[in-house]
Amino acid sequence: MTDDSSLSPALAQALDAALASTPSRILPLSVEGRHYWLKRPEVHRNLVRRLQKGDPARALAADRAGLKRMAELGLPAPRVLAEGPDFVLTEDVGPPVATLLRDPGATDAERHAALGDAARALARLHHRGIAHGRPKIRDICWQRDRGATLIDFELFNPAADRAALVRDAVLFLHSILQQQRDRDAFFDTAAQAYRAEAPEGIWEKMQRRVDRVRWIAPLARLVLWVEPKAHEVRAALQLRGALRE
């Protein structure tokens, strides 16, 4: 273990116990009323899964590097509290926005705030020329007193070109439509917040990106006619329509 001198004795003990247990890719820890997350390399059960997901150790190293770079730049990411060759311990930064949208105990005001904050947090990265790589709403957390925090930096790109920023933004908005199953006021909150804060020209590049694949629309409608539950395809059509407005 390294970089653990600042941990409380109780947290250090809980971490040691977790590391000695059967490896789990992501493990929550609760110590003295506070919550943490222990992340370790994913264990692939077969070769096909490994080929699909890539090298687990490399993914964890990329995530760690992304977390540290975000901290250096003062951008919204969890703090690394302890780390070792095969683990990273971070603070808890609230539930994912995807979870909040489904939570019956959350208010609409909280959902709108979370989506707006998430969009602005992503725009902050983009202004620094950084692409998250996979900013779906399950990879952005939210707390009322802290706002939005991005997690999971396995595809982090600290020197992104404009195309990578466009992909980020399209993926972010698509993930909202995919979960909500339809365009609604929550989607509009996120879209308007990102558009207002995005680097100059990115929104227009997003529009051109979806317009270049307009030939896919008839095929997508056919897919939905055959399989109405193809939510990813439906979301893609809806996003194209929203960006063309």
# chains A, B, ... in the order shown; residues from 1 in each chain; ligands from 1

call {"tool": "select_by_dssp", "arguments": {"residues": "segment 34-235 of chain A", "states": "helix (DSSP H, G or I)", "output": "PyMOL selection string"}}
result
chain A and resi 47-53+56-73+97-102+108-127+137-139+162-180+185-197+202-212+216-226+231-235

call {"tool": "closest_atom_pairs", "arguments": {"of": "segment 73-168 of chain A", "to": "segment 185-194 of chain A", "cutoff": "12 Å", "atoms": "only C-alpha atoms", "output": "tab-separated table"}}
result
residue	atom	partner	partner_atom	distance
A:Val97	CA	A:Phe186	CA	11.4
A:Ala98	CA	A:Phe186	CA	11.7
A:Leu100	CA	A:Phe186	CA	11.9
A:Leu101	CA	A:Phe186	CA	9.1
A:Thr107	CA	A:Phe186	CA	12.0
A:Asp108	CA	A:Phe186	CA	8.6
A:Ala109	CA	A:Phe186	CA	9.9
A:Glu110	CA	A:Phe186	CA	10.5
A:Arg111	CA	A:Phe186	CA	7.2
A:His112	CA	A:Phe186	CA	5.9
A:Ala113	CA	A:Thr189	CA	8.5
A:Ala114	CA	A:Ala190	CA	8.8
A:Leu115	CA	A:Ala190	CA	5.1
A:Gly116	CA	A:Ala190	CA	5.0
A:Asp117	CA	A:Ala193	CA	8.0
A:Ala118	CA	A:Ala190	CA	7.5
A:Ala119	CA	A:Tyr194	CA	4.8
A:Arg120	CA	A:Tyr194	CA	5.7
A:Ala121	CA	A:Tyr194	CA	8.7
A:Leu122	CA	A:Tyr194	CA	7.6
A:Ala123	CA	A:Tyr194	CA	6.2
A:Arg124	CA	A:Tyr194	CA	9.6
A:Leu125	CA	A:Tyr194	CA	11.4
A:His126	CA	A:Tyr194	CA	10.3
A:His127	CA	A:Tyr194	CA	11.5
A:Ile137	CA	A:Ala190	CA	10.6
A:Leu165	CA	A:Tyr194	CA	11.9
A:Val166	CA	A:Tyr194	CA	11.5
A:Asp168	CA	A:Tyr194	CA	11.3

call {"tool": "select_by_dssp", "arguments": {"residues": "segment 64-98 of chain A", "states": "strand (DSSP E)", "output": "PyMOL selection string"}}
result
chain A and resi 80-84+87-91

call {"tool": "write_last_selection", "arguments": {"atoms": "all heavy atoms", "output": "tab-separated table (two decimals), in the first residue's frame"}}
result
chain	number	residue	atom	x	y	z
A	80	VAL	N	-8.01	10.78	-4.75
A	80	VAL	CA	-7.35	9.50	-4.48
A	80	VAL	C	-6.83	9.55	-3.06
A	80	VAL	O	-5.99	10.37	-2.72
A	80	VAL	CB	-6.21	9.24	-5.48
A	80	VAL	CG1	-5.45	7.97	-5.10
A	80	VAL	CG2	-6.75	9.14	-6.89
A	81	LEU	N	-7.32	8.64	-2.20
A	81	LEU	CA	-6.94	8.63	-0.80
A	81	LEU	C	-5.81	7.65	-0.51
A	81	LEU	O	-5.04	7.84	0.43
A	81	LEU	CB	-8.16	8.28	0.07
A	81	LEU	CG	-9.37	9.21	-0.12
A	81	LEU	CD1	-10.53	8.74	0.72
A	81	LEU	CD2	-9.00	10.65	0.24
A	82	ALA	N	-5.74	6.56	-1.28
A	82	ALA	CA	-4.68	5.57	-1.14
A	82	ALA	C	-4.58	4.81	-2.44
A	82	ALA	O	-5.57	4.72	-3.19
A	82	ALA	CB	-4.97	4.62	0.02
A	83	GLU	N	-3.41	4.27	-2.72
A	83	GLU	CA	-3.24	3.53	-3.96
A	83	GLU	C	-2.11	2.54	-3.83
A	83	GLU	O	-1.26	2.62	-2.94
A	83	GLU	CB	-2.93	4.48	-5.11
A	83	GLU	CG	-1.64	5.27	-4.92
A	83	GLU	CD	-1.33	6.15	-6.11
A	83	GLU	OE1	-1.00	5.59	-7.17
A	83	GLU	OE2	-1.39	7.38	-5.96
A	84	GLY	N	-2.11	1.56	-4.70
A	84	GLY	CA	-1.07	0.57	-4.78
A	84	GLY	C	-0.99	0.06	-6.19
A	84	GLY	O	-1.74	0.52	-7.07
A	87	PHE	N	-4.64	-1.31	-6.91
A	87	PHE	CA	-5.87	-0.75	-6.34
A	87	PHE	C	-5.79	0.76	-6.27
A	87	PHE	O	-4.71	1.36	-6.27
A	87	PHE	CB	-6.15	-1.32	-4.94
A	87	PHE	CG	-5.31	-0.70	-3.85
A	87	PHE	CD1	-5.78	0.42	-3.15
A	87	PHE	CD2	-4.08	-1.22	-3.51
A	87	PHE	CE1	-5.02	1.00	-2.15
A	87	PHE	CE2	-3.31	-0.64	-2.51
A	87	PHE	CZ	-3.78	0.47	-1.82
A	88	VAL	N	-6.98	1.36	-6.19
A	88	VAL	CA	-7.12	2.80	-5.94
A	88	VAL	C	-8.29	2.98	-4.98
A	88	VAL	O	-9.38	2.41	-5.20
A	88	VAL	CB	-7.40	3.59	-7.24
A	88	VAL	CG1	-7.65	5.06	-6.92
A	88	VAL	CG2	-6.24	3.47	-8.21
A	89	LEU	N	-8.10	3.75	-3.94
A	89	LEU	CA	-9.17	4.07	-3.00
A	89	LEU	C	-9.54	5.53	-3.17
A	89	LEU	O	-8.67	6.41	-3.09
A	89	LEU	CB	-8.72	3.82	-1.55
A	89	LEU	CG	-9.77	4.14	-0.48
A	89	LEU	CD1	-10.89	3.10	-0.49
A	89	LEU	CD2	-9.12	4.22	0.91
A	90	THR	N	-10.81	5.82	-3.40
A	90	THR	CA	-11.27	7.19	-3.60
A	90	THR	C	-12.41	7.51	-2.64
A	90	THR	O	-13.07	6.62	-2.10
A	90	THR	CB	-11.74	7.44	-5.03
A	90	THR	OG1	-12.86	6.58	-5.32
A	90	THR	CG2	-10.63	7.17	-6.04
A	91	GLU	N	-12.63	8.79	-2.48
A	91	GLU	CA	-13.77	9.25	-1.70
A	91	GLU	C	-15.06	9.01	-2.46
A	91	GLU	O	-15.08	8.89	-3.69
A	91	GLU	CB	-13.63	10.75	-1.42
A	91	GLU	CG	-13.61	11.59	-2.71
A	91	GLU	CD	-13.45	13.07	-2.46
A	91	GLU	OE1	-13.80	13.53	-1.36
A	91	GLU	OE2	-12.99	13.77	-3.38

call {"tool": "residues_around", "arguments": {"residues": "Cys141 of chain A", "least_positions_apart": "4", "cutoff": "7 Å", "atoms": "only C-alpha atoms", "output": "list of chain:residue names"}}
result
A:Val93, A:Gly94, A:Pro95, A:Pro96, A:Val97, A:Ala148, A:Thr149, A:Leu150

call {"tool": "closest_residue", "arguments": {"among": "A:Ser175, A:His231, A:Gly147, A:Arg162", "to": "Ala198 of chain A", "atoms": "only C-alpha atoms"}}
result
A:Arg162

call {"tool": "residues_around", "arguments": {"residues": "Asp86 of chain A", "least_positions_apart": "4", "cutoff": "12 Å", "atoms": "only C-alpha atoms", "output": "list of chain:residue names"}}
result
A:Met1, A:Thr2, A:Leu19, A:Pro23, A:Ser24, A:Arg25, A:Leu38, A:Lys39, A:Arg40, A:Pro41, A:Glu42, A:Val43, A:Pro56, A:Ala57, A:Arg58, A:Ala59, A:Leu60, A:Ala61, A:Asp63, A:Arg64, A:Ala82

call {"tool": "write_last_selection", "arguments": {"atoms": "N, CA and C atoms", "output": "mmCIF file, in the first residue's frame"}}
result
data_model
loop_
_atom_site.group_PDB
_atom_site.id
_atom_site.type_symbol
_atom_site.label_atom_id
_atom_site.label_comp_id
_atom_site.auth_asym_id
_atom_site.auth_seq_id
_atom_site.Cartn_x
_atom_site.Cartn_y
_atom_site.Cartn_z
ATOM 1 N N MET A 1 0.854 -1.188 0.000
ATOM 2 C CA MET A 1 0.000 0.000 0.000
ATOM 3 C C MET A 1 0.890 1.239 0.000
ATOM 4 N N THR A 2 0.446 2.292 -0.680
ATOM 5 C CA THR A 2 1.202 3.541 -0.666
ATOM 6 C C THR A 2 0.247 4.700 -0.469
ATOM 7 N N LEU A 19 -8.547 -5.521 0.947
ATOM 8 C CA LEU A 19 -7.512 -5.980 0.018
ATOM 9 C C LEU A 19 -7.157 -7.447 0.249
ATOM 10 N N PRO A 23 -10.834 -10.630 -4.494
ATOM 11 C CA PRO A 23 -10.851 -9.411 -5.304
ATOM 12 C C PRO A 23 -12.218 -9.127 -5.927
ATOM 13 N N SER A 24 -12.621 -7.891 -5.823
ATOM 14 C CA SER A 24 -13.846 -7.415 -6.465
ATOM 15 C C SER A 24 -13.483 -6.132 -7.192
ATOM 16 N N ARG A 25 -13.971 -5.963 -8.424
ATOM 17 C CA ARG A 25 -13.535 -4.811 -9.219
ATOM 18 C C ARG A 25 -13.830 -3.498 -8.511
ATOM 19 N N LEU A 38 -13.319 1.311 -3.328
ATOM 20 C CA LEU A 38 -12.065 0.618 -3.630
ATOM 21 C C LEU A 38 -12.192 0.006 -5.021
ATOM 22 N N LYS A 39 -11.280 0.385 -5.901
ATOM 23 C CA LYS A 39 -11.311 -0.115 -7.276
ATOM 24 C C LYS A 39 -10.073 -0.950 -7.541
ATOM 25 N N ARG A 40 -10.293 -2.128 -8.151
ATOM 26 C CA ARG A 40 -9.208 -3.049 -8.474
ATOM 27 C C ARG A 40 -9.366 -3.506 -9.917
ATOM 28 N N PRO A 41 -8.356 -4.133 -10.485
ATOM 29 C CA PRO A 41 -8.490 -4.586 -11.879
ATOM 30 C C PRO A 41 -9.632 -5.586 -12.035
ATOM 31 N N GLU A 42 -10.338 -5.453 -13.124
ATOM 32 C CA GLU A 42 -11.422 -6.384 -13.413
ATOM 33 C C GLU A 42 -10.850 -7.767 -13.731
ATOM 34 N N VAL A 43 -11.528 -8.810 -13.257
ATOM 35 C CA VAL A 43 -11.107 -10.183 -13.526
ATOM 36 C C VAL A 43 -11.942 -10.726 -14.685
ATOM 37 N N PRO A 56 -6.954 -5.324 -17.941
ATOM 38 C CA PRO A 56 -7.506 -4.706 -16.725
ATOM 39 C C PRO A 56 -6.501 -3.841 -15.973
ATOM 40 N N ALA A 57 -5.248 -4.285 -15.917
ATOM 41 C CA ALA A 57 -4.241 -3.500 -15.204
ATOM 42 C C ALA A 57 -3.998 -2.162 -15.901
ATOM 43 N N ARG A 58 -3.986 -2.184 -17.217
ATOM 44 C CA ARG A 58 -3.800 -0.942 -17.969
ATOM 45 C C ARG A 58 -4.983 0.000 -17.769
ATOM 46 N N ALA A 59 -6.195 -0.564 -17.703
ATOM 47 C CA ALA A 59 -7.389 0.257 -17.491
ATOM 48 C C ALA A 59 -7.337 0.939 -16.127
ATOM 49 N N LEU A 60 -6.921 0.201 -15.095
ATOM 50 C CA LEU A 60 -6.822 0.792 -13.761
ATOM 51 C C LEU A 60 -5.748 1.874 -13.730
ATOM 52 N N ALA A 61 -4.625 1.637 -14.402
ATOM 53 C CA ALA A 61 -3.558 2.633 -14.448
ATOM 54 C C ALA A 61 -4.023 3.905 -15.146
ATOM 55 N N ASP A 63 -7.148 4.949 -15.316
ATOM 56 C CA ASP A 63 -8.103 5.587 -14.416
ATOM 57 C C ASP A 63 -7.360 6.384 -13.346
ATOM 58 N N ARG A 64 -6.330 5.783 -12.761
ATOM 59 C CA ARG A 64 -5.537 6.460 -11.728
ATOM 60 C C ARG A 64 -4.879 7.721 -12.285
ATOM 61 N N ALA A 82 -5.744 6.564 -1.283
ATOM 62 C CA ALA A 82 -4.682 5.575 -1.138
ATOM 63 C C ALA A 82 -4.584 4.810 -2.442
#

call {"tool": "atom_distance", "arguments": {"atom1": "atom CA of Leu29 of chain A", "atom2": "atom CA of Leu15 of chain A"}}
result
8.0 Å

call {"tool": "closest_residue", "arguments": {"among": "A:Arg144, A:Thr22, A:Tyr36, A:Phe156", "to": "Leu67 of chain A", "atoms": "only C-alpha atoms"}}
result
A:Phe156

call {"tool": "atom_distance", "arguments": {"atom1": "atom CA of Ile202 of chain A", "atom2": "atom CA of Ala236 of chain A"}}
result
18.3 Å

call {"tool": "atom_distance", "arguments": {"atom1": "atom CA of Leu11 of chain A", "atom2": "atom CA of Pro76 of chain A"}}
result
23.4 Å

call {"tool": "residues_around", "arguments": {"residues": "segment 207-216 of chain A", "least_positions_apart": "5", "cutoff": "8 Å", "atoms": "only C-alpha atoms", "output": "PyMOL selection string"}}
result
chain A and resi 240+243-244

call {"tool": "write_last_selection", "arguments": {"atoms": "N, CA and C atoms", "output": "CSV table (one decimal), in the first residue's frame"}}
result
chain,number,residue,atom,x,y,z
A,240,ARG,N,-30.5,13.1,-32.9
A,240,ARG,CA,-30.3,13.8,-34.2
A,240,ARG,C,-31.4,14.9,-34.4
A,243,LEU,N,-30.6,17.9,-32.0
A,243,LEU,CA,-29.5,18.8,-32.4
A,243,LEU,C,-29.7,19.5,-33.7
A,244,ARG,N,-30.6,19.0,-34.5
A,244,ARG,CA,-30.9,19.7,-35.8
A,244,ARG,C,-31.9,20.9,-35.6
